[in-house]
$ cat work-v2.txt   # compact mmCIF, C-alpha atoms
# COMPACT_ATOMS: atom_id res chain seq x y z
CA MET A 1 99.98 76.01 -63.22
CA SER A 2 102.12 75.37 -60.15
CA THR A 3 100.63 74.20 -56.88
CA PRO A 4 101.38 76.56 -53.97
CA VAL A 5 103.52 75.02 -51.27
CA LEU A 6 103.10 76.00 -47.65
CA SER A 7 106.28 76.93 -45.86
CA PRO A 8 107.22 74.81 -42.82
CA THR A 9 106.77 77.81 -40.54
CA ALA A 10 103.22 78.33 -41.79
CA ALA A 11 102.20 74.69 -41.44
CA THR A 12 103.78 73.93 -38.10
CA PRO A 13 101.41 75.91 -35.79
CA GLN A 14 98.32 74.32 -37.36
CA LEU A 15 99.77 70.81 -37.10
CA SER A 16 100.92 71.51 -33.55
CA ARG A 17 97.46 72.62 -32.47
CA ARG A 18 95.88 69.66 -34.21
CA GLY A 19 98.37 67.31 -32.53
CA VAL A 20 97.65 68.65 -29.05
CA LEU A 21 93.90 68.35 -29.55
CA THR A 22 94.33 64.80 -30.85
CA ASP A 23 96.47 63.93 -27.83
CA ILE A 24 93.87 65.38 -25.45
CA GLY A 25 91.16 63.35 -27.16
CA SER A 26 93.24 60.16 -26.93
CA VAL A 27 93.97 60.64 -23.22
CA TRP A 28 90.34 61.54 -22.48
CA GLN A 29 89.07 58.47 -24.38
CA ARG A 30 91.51 56.17 -22.58
CA GLU A 31 90.57 57.52 -19.16
CA THR A 32 86.83 57.62 -19.86
CA LEU A 33 86.81 53.91 -20.69
CA THR A 34 87.48 53.24 -17.00
CA ILE A 35 84.14 54.92 -16.17
CA LEU A 36 82.28 52.89 -18.80
CA ARG A 37 83.78 49.68 -17.42
CA ASP A 38 82.63 50.58 -13.90
CA PRO A 39 79.38 52.62 -14.19
CA PHE A 40 78.52 51.81 -10.56
CA SER A 41 81.13 54.34 -9.42
CA LEU A 42 79.26 57.06 -11.33
CA ILE A 43 75.95 56.06 -9.75
CA PHE A 44 77.52 55.90 -6.29
CA SER A 45 79.09 59.36 -6.72
CA LEU A 46 75.58 60.81 -7.10
CA LEU A 47 74.68 59.88 -3.53
CA GLN A 48 76.77 62.57 -1.86
CA PRO A 49 75.34 65.59 -3.74
CA LEU A 50 71.80 64.24 -3.36
CA ILE A 51 72.37 63.81 0.39
CA PHE A 52 73.63 67.39 0.60
CA LEU A 53 70.55 68.65 -1.23
CA GLY A 54 68.14 66.49 0.75
CA LEU A 55 69.55 67.08 4.23
CA PHE A 56 71.54 70.30 4.16
CA GLY A 57 69.07 72.17 1.96
CA PRO A 58 66.18 72.07 4.46
CA LEU A 59 68.52 73.11 7.27
CA LEU A 60 69.69 76.08 5.22
CA ALA A 61 66.10 76.97 4.41
CA GLY A 62 65.31 76.97 8.11
CA VAL A 63 68.23 79.28 8.88
CA THR A 64 67.38 81.73 6.11
CA GLY A 65 63.64 81.50 6.64
CA ASP A 66 63.10 80.42 3.01
CA GLY A 67 61.05 77.39 2.08
CA LEU A 68 62.17 74.80 -0.44
CA THR A 69 58.88 75.07 -2.27
CA GLY A 70 59.73 78.65 -3.17
CA GLY A 71 62.91 77.56 -4.90
CA GLY A 72 65.03 80.34 -3.38
CA THR A 73 67.24 78.08 -1.28
CA LEU A 74 67.72 75.54 -4.06
CA GLN A 75 68.52 78.28 -6.57
CA TRP A 76 71.30 79.46 -4.24
CA PHE A 77 72.52 76.10 -2.91
CA LEU A 78 72.43 73.81 -5.97
CA PRO A 79 75.18 75.62 -7.97
CA GLY A 80 77.45 75.30 -4.95
CA VAL A 81 76.83 71.54 -4.87
CA VAL A 82 77.78 71.29 -8.56
CA VAL A 83 81.01 73.17 -7.80
CA MET A 84 81.65 70.78 -4.92
CA ILE A 85 81.34 67.78 -7.27
CA THR A 86 83.84 69.41 -9.61
CA MET A 87 86.34 70.03 -6.82
CA PHE A 88 86.05 66.50 -5.44
CA GLY A 89 86.58 64.96 -8.88
CA THR A 90 89.37 67.09 -10.30
CA SER A 91 91.34 67.42 -7.05
CA MET A 92 91.68 63.63 -7.00
CA THR A 93 93.10 63.42 -10.53
CA GLY A 94 96.53 62.78 -9.05
CA SER A 95 95.38 59.68 -7.13
CA ASN A 96 95.10 57.63 -10.34
CA LEU A 97 98.46 58.99 -11.42
CA GLN A 98 100.06 57.73 -8.21
CA PHE A 99 98.84 54.21 -8.94
CA GLU A 100 100.28 54.39 -12.46
CA ILE A 101 103.60 55.62 -11.09
CA MET A 102 103.78 52.70 -8.66
CA THR A 103 102.98 50.13 -11.38
CA GLY A 104 105.33 51.68 -13.94
CA ALA A 105 102.49 52.46 -16.36
CA PHE A 106 103.21 56.18 -16.22
CA GLU A 107 106.79 55.68 -17.39
CA ARG A 108 105.48 53.88 -20.46
CA ILE A 109 103.03 56.74 -21.13
CA LEU A 110 105.87 59.27 -20.92
CA ALA A 111 107.74 57.25 -23.54
CA THR A 112 104.96 58.02 -26.05
CA PRO A 113 104.97 61.26 -28.10
CA LEU A 114 101.87 62.54 -26.25
CA SER A 115 101.93 66.21 -25.30
CA ARG A 116 102.63 66.70 -21.58
CA ALA A 117 99.85 69.28 -21.30
CA ALA A 118 97.46 66.85 -23.02
CA LEU A 119 98.14 64.26 -20.32
CA MET A 120 96.80 66.62 -17.66
CA ILE A 121 93.98 68.19 -19.66
CA GLY A 122 92.71 64.80 -20.84
CA ARG A 123 92.68 63.40 -17.30
CA ALA A 124 90.96 66.48 -15.89
CA LEU A 125 88.31 66.36 -18.62
CA LYS A 126 87.73 62.71 -17.77
CA GLU A 127 86.92 63.76 -14.20
CA LEU A 128 84.60 66.46 -15.53
CA THR A 129 82.73 64.12 -17.90
CA PRO A 130 80.55 62.59 -15.15
CA LEU A 131 79.78 66.14 -13.98
CA VAL A 132 77.44 66.63 -16.93
CA VAL A 133 75.44 63.52 -16.01
CA GLN A 134 75.47 64.35 -12.31
CA ALA A 135 74.41 67.96 -12.87
CA LEU A 136 71.55 66.83 -15.12
CA VAL A 137 70.29 64.35 -12.52
CA ILE A 138 70.55 66.90 -9.70
CA VAL A 139 68.67 69.53 -11.70
CA LEU A 140 65.94 67.04 -12.61
CA VAL A 141 65.55 66.01 -8.96
CA ALA A 142 65.44 69.64 -7.77
CA THR A 143 63.03 70.92 -10.44
CA PRO A 144 59.81 69.58 -8.78
CA PHE A 145 60.83 71.44 -5.60
CA GLY A 146 60.91 74.82 -7.32
CA PHE A 147 64.35 75.00 -8.97
CA ARG A 148 64.11 77.11 -12.13
CA VAL A 149 65.97 75.64 -15.11
CA HIS A 150 67.84 77.86 -17.59
CA PRO A 151 69.49 75.42 -20.05
CA LEU A 152 71.84 77.83 -21.86
CA HIS A 153 72.99 79.40 -18.61
CA ILE A 154 73.60 76.00 -17.04
CA LEU A 155 75.63 74.97 -20.11
CA ALA A 156 77.74 78.12 -19.79
CA GLY A 157 78.24 77.34 -16.11
CA LEU A 158 79.49 73.84 -16.92
CA VAL A 159 81.95 75.23 -19.49
CA LEU A 160 83.27 77.66 -16.87
CA LEU A 161 83.66 74.78 -14.42
CA GLY A 162 85.48 72.83 -17.13
CA VAL A 163 88.13 75.55 -17.46
CA PHE A 164 88.52 75.79 -13.69
CA GLY A 165 88.59 72.02 -13.30
CA VAL A 166 91.43 71.62 -15.79
CA GLY A 167 93.55 73.93 -13.63
CA ILE A 168 92.69 72.08 -10.40
CA GLY A 169 93.32 68.74 -12.10
CA ALA A 170 96.75 69.88 -13.29
CA LEU A 171 97.67 71.06 -9.79
CA SER A 172 96.55 67.68 -8.41
CA TYR A 173 98.71 66.05 -11.07
CA ALA A 174 101.73 68.09 -9.96
CA LEU A 175 101.07 67.25 -6.31
CA ALA A 176 100.97 63.52 -7.09
CA ILE A 177 104.34 63.77 -8.85
CA ALA A 178 105.86 65.72 -5.95
CA ALA A 179 104.50 63.14 -3.45
CA ARG A 180 105.24 60.05 -5.57
CA LYS A 181 107.56 58.59 -2.91
CA ALA A 182 105.08 59.15 -0.06
CA GLU A 183 101.47 58.52 -1.09
CA TRP A 184 100.05 59.76 2.22
CA VAL A 185 101.44 63.24 1.57
CA PHE A 186 99.14 63.63 -1.45
CA TRP A 187 96.04 62.79 0.58
CA ALA A 188 97.15 64.91 3.53
CA VAL A 189 97.62 68.01 1.37
CA GLN A 190 94.54 67.37 -0.77
CA GLN A 191 92.20 66.94 2.19
CA THR A 192 93.78 69.77 4.17
CA LEU A 193 93.24 72.25 1.34
CA LEU A 194 89.98 70.98 -0.17
CA PHE A 195 87.52 71.56 2.65
CA PRO A 196 88.77 75.01 3.75
CA LEU A 197 88.61 76.15 0.12
CA LEU A 198 85.02 74.87 -0.17
CA ILE A 199 83.86 76.37 3.11
CA LEU A 200 85.61 79.69 2.51
CA SER A 201 83.98 79.99 -0.92
CA GLY A 202 80.52 80.35 0.63
CA MET A 203 79.45 77.15 -1.06
CA MET A 204 77.41 75.81 1.87
CA LEU A 205 76.64 78.93 3.91
CA PRO A 206 76.68 82.66 3.09
CA LEU A 207 79.77 84.36 4.46
CA GLU A 208 78.28 87.85 4.72
CA THR A 209 77.36 87.24 8.36
CA GLY A 210 80.61 85.46 9.19
CA PRO A 211 83.62 86.91 11.02
CA ARG A 212 85.79 89.46 9.25
CA TRP A 213 88.74 87.08 8.87
CA MET A 214 86.59 84.59 6.96
CA GLN A 215 85.41 87.31 4.61
CA LEU A 216 88.99 88.38 3.95
CA ALA A 217 90.03 84.76 3.32
CA ALA A 218 87.11 84.34 0.93
CA ALA A 219 88.19 87.44 -0.99
CA VAL A 220 91.51 85.81 -1.94
CA ASN A 221 89.98 82.40 -2.62
CA PRO A 222 89.51 81.94 -6.41
CA LEU A 223 86.80 79.38 -5.75
CA THR A 224 84.64 82.15 -4.21
CA TYR A 225 84.41 83.91 -7.57
CA VAL A 226 83.66 80.68 -9.41
CA VAL A 227 80.83 79.86 -6.98
CA ASP A 228 79.37 83.37 -7.34
CA ALA A 229 79.55 83.09 -11.13
CA GLU A 230 77.81 79.71 -11.08
CA ARG A 231 75.00 81.10 -8.92
CA ALA A 232 74.51 83.99 -11.33
CA LEU A 233 74.45 81.66 -14.35
CA PHE A 234 72.20 79.03 -12.78
CA GLY A 235 69.95 81.92 -11.74
CA GLY A 236 69.40 82.78 -15.40
CA THR A 237 71.47 85.91 -16.10
CA PHE A 238 74.51 86.78 -18.19
CA ALA A 239 74.67 90.39 -17.01
CA ASP A 240 75.98 89.86 -13.48
CA PRO A 241 79.60 91.13 -13.07
CA ALA A 242 80.24 88.05 -10.91
CA ILE A 243 80.34 85.98 -14.13
CA LEU A 244 83.28 87.99 -15.49
CA HIS A 245 85.09 87.72 -12.16
CA GLY A 246 84.49 83.96 -12.13
CA ALA A 247 85.73 83.60 -15.71
CA VAL A 248 88.94 85.47 -14.84
CA ALA A 249 89.49 83.34 -11.72
CA ALA A 250 88.86 80.11 -13.68
CA SER A 251 91.19 81.16 -16.52
CA LEU A 252 94.01 82.16 -14.16
CA THR A 253 93.63 78.91 -12.22
CA CYS A 254 93.76 76.95 -15.48
CA ALA A 255 96.85 78.80 -16.72
CA VAL A 256 98.74 78.48 -13.42
CA GLY A 257 97.75 74.83 -13.04
CA LEU A 258 98.96 73.87 -16.52
CA TRP A 259 102.21 75.79 -16.05
CA VAL A 260 102.94 74.09 -12.72
CA GLY A 261 101.86 70.67 -13.99
CA VAL A 262 103.96 70.74 -17.16
CA ARG A 263 107.01 71.89 -15.20
CA ALA A 264 106.44 69.09 -12.68
CA ILE A 265 106.42 66.45 -15.43
CA ARG A 266 109.44 67.81 -17.26
CA GLY A 267 111.48 68.26 -14.09
CA SER A 268 110.79 64.86 -12.56
CA THR A 269 112.51 61.51 -12.88
CA PHE A 270 110.81 58.14 -12.38
$ encode --input "work-v2.txt" --output "structure tokens"
Amino acid sequence: MSTPVLSPTAATPQLSRRGVLTDIGSVWQRETLTILRDPFSLIFSLLQPLIFLGLFGPLLAGVTGDGLTGGGTLQWFLPGVVVMITMFGTSMTGSNLQFEIMTGAFERILATPLSRAALMIGRALKELTPLVVQALVIVLVATPFGFRVHPLHILAGLVLLGVFGVGIGALSYALAIAARKAEWVFWAVQQTLLFPLLILSGMMLPLETGPRWMQLAAAVNPLTYVVDAERALFGGTFADPAILHGAVAASLTCAVGLWVGVRAIRGSTF
């Protein structure tokens, strides 16, 4: 009885997918080791979101007339803080790349058979890994003050942020390559875009009472839909249409980011 032989065309897609996933895992593991070697940076990164919750939360409660003990303000504000952590982490993915470009380490990485998309996805996932720990700590701190925990919904929210974060990380990667000869350009563009995107997403304050131009700007800001989706999920529902809108915005951002990032790598010389 003869043993069936797979044709090359039938085997190639499966091996290709397996190779990309292996490459992503290798890049993620390599990058994550830097966190394990320096856990203090993870602890220190928790200070900013906790300060936002501890100081900005009561101010927001005073403006809206809602008390923290009722949980309403935290239920609205905490998902925005988690999104903020994601944006800060993934938008700085390119900063580590710039250091590797200057030291020549990135040229050696490009000489390996690693998938170019895996280089960006693995680095972005490394930035998202601490998010799970940070989100858990923030939720635990906020729970005694009335924050209602919905574990499955929070998990879905983190997955959605993962997709969005990969796109932002890839765009940061492309920016670092474009600004490799002038490091200050990366930081100028990153900082110039980051805070307007966060503010115009309604992360810190509701935009319904803001001027018309801010509402129009928020409508074309993909981060607005991600923030709304996170609030719906952290609030304990899967039925809100905002979740679908957020998933579409996250997926489009991921697709565009990977396309731009891969083209940046393939079209650059070091």
$ closest_atom_pairs --input "work-v2.txt" --of "region 65-173 of chain A" --to "region 17-36 of chain A" --cutoff "9 Å" --atoms "all atoms listed in the file" --output "Markdown table"
| residue | atom | partner | partner_atom | distance |
| --- | --- | --- | --- | --- |
| A:Pro113 | CA | A:Asp23 | CA | 8.9 |
| A:Leu114 | CA | A:Asp23 | CA | 5.8 |
| A:Ser115 | CA | A:Val20 | CA | 6.2 |
| A:Ala117 | CA | A:Val20 | CA | 8.1 |
| A:Ala118 | CA | A:Ile24 | CA | 4.6 |
| A:Leu119 | CA | A:Val27 | CA | 6.2 |
| A:Met120 | CA | A:Ile24 | CA | 8.4 |
| A:Ile121 | CA | A:Ile24 | CA | 6.4 |
| A:Gly122 | CA | A:Trp28 | CA | 4.4 |
| A:Arg123 | CA | A:Trp28 | CA | 6.0 |
| A:Ala124 | CA | A:Trp28 | CA | 8.3 |
| A:Leu125 | CA | A:Trp28 | CA | 6.5 |
| A:Lys126 | CA | A:Trp28 | CA | 5.5 |
| A:Glu127 | CA | A:Thr32 | CA | 8.4 |
| A:Thr129 | CA | A:Thr32 | CA | 7.9 |
| A:Pro130 | CA | A:Ile35 | CA | 8.5 |
$ closest_residue --input "work-v2.txt" --among "A:Gly162, A:Gly104, A:Gly57, A:Gly202" --to "Gln75 (chain A)" --atoms "all atoms listed in the file"
A:Gly57
$ closest_residue --input "work-v2.txt" --among "A:Pro196, A:Pro222, A:Gly267, A:Gly72" --to "Arg148 (chain A)" --atoms "only C-alpha atoms"
A:Gly72
$ atom_distance --input "work-v2.txt" --atom1 "CA of Ala255 (chain A)" --atom2 "CA of Leu110 (chain A)"
21.9 Å
$ residues_around --input "work-v2.txt" --residues "Phe147 (chain A)" --least-positions-apart "3" --cutoff "7 Å" --atoms "only C-alpha atoms" --output "tab-separated table (two decimals) with C-alpha atoms, keeping the file's coordinate frame"
chain	number	residue	atom	x	y	z
A	71	GLY	CA	62.91	77.56	-4.90
A	74	LEU	CA	67.72	75.54	-4.06
A	75	GLN	CA	68.52	78.28	-6.57
A	142	ALA	CA	65.44	69.64	-7.77
A	143	THR	CA	63.03	70.92	-10.44
$ atom_distance --input "work-v2.txt" --atom1 "CA of Leu198 (chain A)" --atom2 "CA of Leu160 (chain A)"
17.0 Å
$ atom_distance --input "work-v2.txt" --atom1 "CA of Gln98 (chain A)" --atom2 "CA of Val166 (chain A)"
18.0 Å
$ closest_atom_pairs --input "work-v2.txt" --of "region 82-128 of chain A" --to "region 177-194 of chain A" --cutoff "10 Å" --atoms "all atoms listed in the file" --output "tab-separated table"
residue	atom	partner	partner_atom	distance
A:Met84	CA	A:Leu194	CA	9.6
A:Met87	CA	A:Leu194	CA	7.6
A:Phe88	CA	A:Leu194	CA	8.0
A:Ser91	CA	A:Gln190	CA	7.0
A:Met92	CA	A:Gln190	CA	7.8
A:Gly94	CA	A:Ile177	CA	7.9
A:Ser95	CA	A:Phe186	CA	7.9
A:Leu97	CA	A:Ile177	CA	8.0
A:Gln98	CA	A:Arg180	CA	6.3
A:Phe99	CA	A:Arg180	CA	9.3
A:Ile101	CA	A:Arg180	CA	7.3
A:Met102	CA	A:Arg180	CA	8.1
$ write_last_selection --input "work-v2.txt" --atoms "C-alpha atoms" --output "mmCIF file, keeping the file's coordinate frame"
data_model
loop_
_atom_site.group_PDB
_atom_site.id
_atom_site.type_symbol
_atom_site.label_atom_id
_atom_site.label_comp_id
_atom_site.auth_asym_id
_atom_site.auth_seq_id
_atom_site.Cartn_x
_atom_site.Cartn_y
_atom_site.Cartn_z
ATOM 1 C CA MET A 84 81.650 70.780 -4.920
ATOM 2 C CA MET A 87 86.340 70.030 -6.820
ATOM 3 C CA PHE A 88 86.050 66.500 -5.440
ATOM 4 C CA SER A 91 91.340 67.420 -7.050
ATOM 5 C CA MET A 92 91.680 63.630 -7.000
ATOM 6 C CA GLY A 94 96.530 62.780 -9.050
ATOM 7 C CA SER A 95 95.380 59.680 -7.130
ATOM 8 C CA LEU A 97 98.460 58.990 -11.420
ATOM 9 C CA GLN A 98 100.060 57.730 -8.210
ATOM 10 C CA PHE A 99 98.840 54.210 -8.940
ATOM 11 C CA ILE A 101 103.600 55.620 -11.090
ATOM 12 C CA MET A 102 103.780 52.700 -8.660
#
$ closest_residue --input "work-v2.txt" --among "A:Leu53, A:Tyr173, A:Tyr225, A:Val159" --to "Glu100 (chain A)" --atoms "all atoms listed in the file"
A:Tyr173
$ closest_residue --input "work-v2.txt" --among "A:Leu252, A:Ile138, A:Ala242, A:Leu171" --to "Thr90 (chain A)" --atoms "only C-alpha atoms"
A:Leu171
$ residues_near_point --input "work-v2.txt" --point "(67.7, 83.0, -14.7)" --cutoff "8 Å" --atoms "only C-alpha atoms" --output "ChimeraX atom specification"
/A:148-150,153,232-237
$ closest_atom_pairs --input "work-v2.txt" --of "region 150-187 of chain A" --to "region 226-231 of chain A" --cutoff "10 Å" --atoms "all atoms listed in the file" --output "tab-separated table"
residue	atom	partner	partner_atom	distance
A:His153	CA	A:Glu230	CA	8.9
A:Ile154	CA	A:Glu230	CA	8.2
A:Ala156	CA	A:Glu230	CA	8.9
A:Gly157	CA	A:Glu230	CA	5.6
A:Leu158	CA	A:Glu230	CA	8.4
A:Leu160	CA	A:Val226	CA	8.1
A:Leu161	CA	A:Val226	CA	7.7
A:Phe164	CA	A:Val226	CA	8.1
$ residues_around --input "work-v2.txt" --residues "Val82 (chain A)" --least-positions-apart "5" --cutoff "8 Å" --atoms "only C-alpha atoms" --output "number ranges by chain"
A: 49, 131, 135
$ build_atoms --input "work-v2.txt" --residues "region 122-146 of chain A" --atoms "N, CA, C and O atoms" --output "PDB file, keeping the file's coordinate frame"
ATOM      1  N   GLY A 122      93.545  65.976 -20.559  1.00  0.00           N
ATOM      2  CA  GLY A 122      92.710  64.800 -20.840  1.00  0.00           C
ATOM      3  C   GLY A 122      92.220  64.130 -19.580  1.00  0.00           C
ATOM      4  O   GLY A 122      91.051  63.738 -19.480  1.00  0.00           O
ATOM      5  N   ARG A 123      93.096  64.010 -18.570  1.00  0.00           N
ATOM      6  CA  ARG A 123      92.680  63.400 -17.300  1.00  0.00           C
ATOM      7  C   ARG A 123      91.674  64.271 -16.569  1.00  0.00           C
ATOM      8  O   ARG A 123      90.708  63.767 -15.985  1.00  0.00           O
ATOM      9  N   ALA A 124      91.891  65.582 -16.574  1.00  0.00           N
ATOM     10  CA  ALA A 124      90.960  66.480 -15.890  1.00  0.00           C
ATOM     11  C   ALA A 124      89.592  66.459 -16.573  1.00  0.00           C
ATOM     12  O   ALA A 124      88.545  66.461 -15.907  1.00  0.00           O
ATOM     13  N   LEU A 125      89.577  66.423 -17.905  1.00  0.00           N
ATOM     14  CA  LEU A 125      88.310  66.360 -18.620  1.00  0.00           C
ATOM     15  C   LEU A 125      87.585  65.049 -18.347  1.00  0.00           C
ATOM     16  O   LEU A 125      86.351  64.997 -18.327  1.00  0.00           O
ATOM     17  N   LYS A 126      88.346  63.986 -18.127  1.00  0.00           N
ATOM     18  CA  LYS A 126      87.730  62.710 -17.770  1.00  0.00           C
ATOM     19  C   LYS A 126      86.996  62.831 -16.443  1.00  0.00           C
ATOM     20  O   LYS A 126      85.899  62.296 -16.261  1.00  0.00           O
ATOM     21  N   GLU A 127      87.583  63.563 -15.488  1.00  0.00           N
ATOM     22  CA  GLU A 127      86.920  63.760 -14.200  1.00  0.00           C
ATOM     23  C   GLU A 127      85.704  64.659 -14.338  1.00  0.00           C
ATOM     24  O   GLU A 127      84.746  64.556 -13.560  1.00  0.00           O
ATOM     25  N   LEU A 128      85.725  65.543 -15.329  1.00  0.00           N
ATOM     26  CA  LEU A 128      84.600  66.460 -15.530  1.00  0.00           C
ATOM     27  C   LEU A 128      83.467  65.823 -16.337  1.00  0.00           C
ATOM     28  O   LEU A 128      82.331  66.293 -16.276  1.00  0.00           O
ATOM     29  N   THR A 129      83.758  64.757 -17.075  1.00  0.00           N
ATOM     30  CA  THR A 129      82.730  64.120 -17.900  1.00  0.00           C
ATOM     31  C   THR A 129      81.519  63.663 -17.086  1.00  0.00           C
ATOM     32  O   THR A 129      80.366  63.930 -17.460  1.00  0.00           O
ATOM     33  N   PRO A 130      81.721  62.974 -15.943  1.00  0.00           N
ATOM     34  CA  PRO A 130      80.550  62.590 -15.150  1.00  0.00           C
ATOM     35  C   PRO A 130      79.782  63.775 -14.591  1.00  0.00           C
ATOM     36  O   PRO A 130      78.613  63.634 -14.233  1.00  0.00           O
ATOM     37  N   LEU A 131      80.441  64.960 -14.520  1.00  0.00           N
ATOM     38  CA  LEU A 131      79.780  66.140 -13.980  1.00  0.00           C
ATOM     39  C   LEU A 131      78.526  66.487 -14.774  1.00  0.00           C
ATOM     40  O   LEU A 131      77.515  66.910 -14.202  1.00  0.00           O
ATOM     41  N   VAL A 132      78.590  66.304 -16.089  1.00  0.00           N
ATOM     42  CA  VAL A 132      77.440  66.630 -16.930  1.00  0.00           C
ATOM     43  C   VAL A 132      76.252  65.751 -16.555  1.00  0.00           C
ATOM     44  O   VAL A 132      75.119  66.236 -16.398  1.00  0.00           O
ATOM     45  N   VAL A 133      76.514  64.449 -16.384  1.00  0.00           N
ATOM     46  CA  VAL A 133      75.440  63.520 -16.010  1.00  0.00           C
ATOM     47  C   VAL A 133      74.935  63.838 -14.604  1.00  0.00           C
ATOM     48  O   VAL A 133      73.718  63.888 -14.361  1.00  0.00           O
ATOM     49  N   GLN A 134      75.854  64.074 -13.685  1.00  0.00           N
ATOM     50  CA  GLN A 134      75.470  64.350 -12.310  1.00  0.00           C
ATOM     51  C   GLN A 134      74.672  65.647 -12.204  1.00  0.00           C
ATOM     52  O   GLN A 134      73.663  65.711 -11.494  1.00  0.00           O
ATOM     53  N   ALA A 135      75.126  66.688 -12.902  1.00  0.00           N
ATOM     54  CA  ALA A 135      74.410  67.960 -12.870  1.00  0.00           C
ATOM     55  C   ALA A 135      73.002  67.819 -13.439  1.00  0.00           C
ATOM     56  O   ALA A 135      72.036  68.393 -12.913  1.00  0.00           O
ATOM     57  N   LEU A 136      72.871  67.044 -14.517  1.00  0.00           N
ATOM     58  CA  LEU A 136      71.550  66.830 -15.120  1.00  0.00           C
ATOM     59  C   LEU A 136      70.619  66.125 -14.145  1.00  0.00           C
ATOM     60  O   LEU A 136      69.455  66.528 -13.976  1.00  0.00           O
ATOM     61  N   VAL A 137      71.114  65.090 -13.478  1.00  0.00           N
ATOM     62  CA  VAL A 137      70.290  64.350 -12.520  1.00  0.00           C
ATOM     63  C   VAL A 137      69.880  65.245 -11.358  1.00  0.00           C
ATOM     64  O   VAL A 137      68.721  65.261 -10.927  1.00  0.00           O
ATOM     65  N   ILE A 138      70.837  66.020 -10.835  1.00  0.00           N
ATOM     66  CA  ILE A 138      70.550  66.900  -9.700  1.00  0.00           C
ATOM     67  C   ILE A 138      69.511  67.950 -10.077  1.00  0.00           C
ATOM     68  O   ILE A 138      68.586  68.235  -9.305  1.00  0.00           O
ATOM     69  N   VAL A 139      69.644  68.527 -11.251  1.00  0.00           N
ATOM     70  CA  VAL A 139      68.670  69.530 -11.700  1.00  0.00           C
ATOM     71  C   VAL A 139      67.287  68.911 -11.855  1.00  0.00           C
ATOM     72  O   VAL A 139      66.276  69.511 -11.455  1.00  0.00           O
ATOM     73  N   LEU A 140      67.231  67.709 -12.432  1.00  0.00           N
ATOM     74  CA  LEU A 140      65.940  67.040 -12.610  1.00  0.00           C
ATOM     75  C   LEU A 140      65.286  66.725 -11.270  1.00  0.00           C
ATOM     76  O   LEU A 140      64.063  66.860 -11.115  1.00  0.00           O
ATOM     77  N   VAL A 141      66.087  66.316 -10.291  1.00  0.00           N
ATOM     78  CA  VAL A 141      65.550  66.010  -8.960  1.00  0.00           C
ATOM     79  C   VAL A 141      65.056  67.279  -8.281  1.00  0.00           C
ATOM     80  O   VAL A 141      64.024  67.274  -7.600  1.00  0.00           O
ATOM     81  N   ALA A 142      65.779  68.389  -8.470  1.00  0.00           N
ATOM     82  CA  ALA A 142      65.440  69.640  -7.770  1.00  0.00           C
ATOM     83  C   ALA A 142      64.297  70.404  -8.432  1.00  0.00           C
ATOM     84  O   ALA A 142      63.636  71.203  -7.767  1.00  0.00           O
ATOM     85  N   THR A 143      64.045  70.148  -9.714  1.00  0.00           N
ATOM     86  CA  THR A 143      63.030  70.920 -10.440  1.00  0.00           C
ATOM     87  C   THR A 143      61.631  70.819  -9.815  1.00  0.00           C
ATOM     88  O   THR A 143      60.944  71.846  -9.667  1.00  0.00           O
ATOM     89  N   PRO A 144      61.137  69.638  -9.402  1.00  0.00           N
ATOM     90  CA  PRO A 144      59.810  69.580  -8.780  1.00  0.00           C
ATOM     91  C   PRO A 144      59.693  70.371  -7.477  1.00  0.00           C
ATOM     92  O   PRO A 144      58.588  70.697  -7.049  1.00  0.00           O
ATOM     93  N   PHE A 145      60.846  70.700  -6.857  1.00  0.00           N
ATOM     94  CA  PHE A 145      60.830  71.440  -5.600  1.00  0.00           C
ATOM     95  C   PHE A 145      60.987  72.950  -5.801  1.00  0.00           C
ATOM     96  O   PHE A 145      61.185  73.690  -4.841  1.00  0.00           O
ATOM     97  N   GLY A 146      60.913  73.389  -7.049  1.00  0.00           N
ATOM     98  CA  GLY A 146      60.910  74.820  -7.320  1.00  0.00           C
ATOM     99  C   GLY A 146      62.156  75.370  -7.980  1.00  0.00           C
ATOM    100  O   GLY A 146      62.247  76.581  -8.195  1.00  0.00           O
TER     101      GLY A 146
END
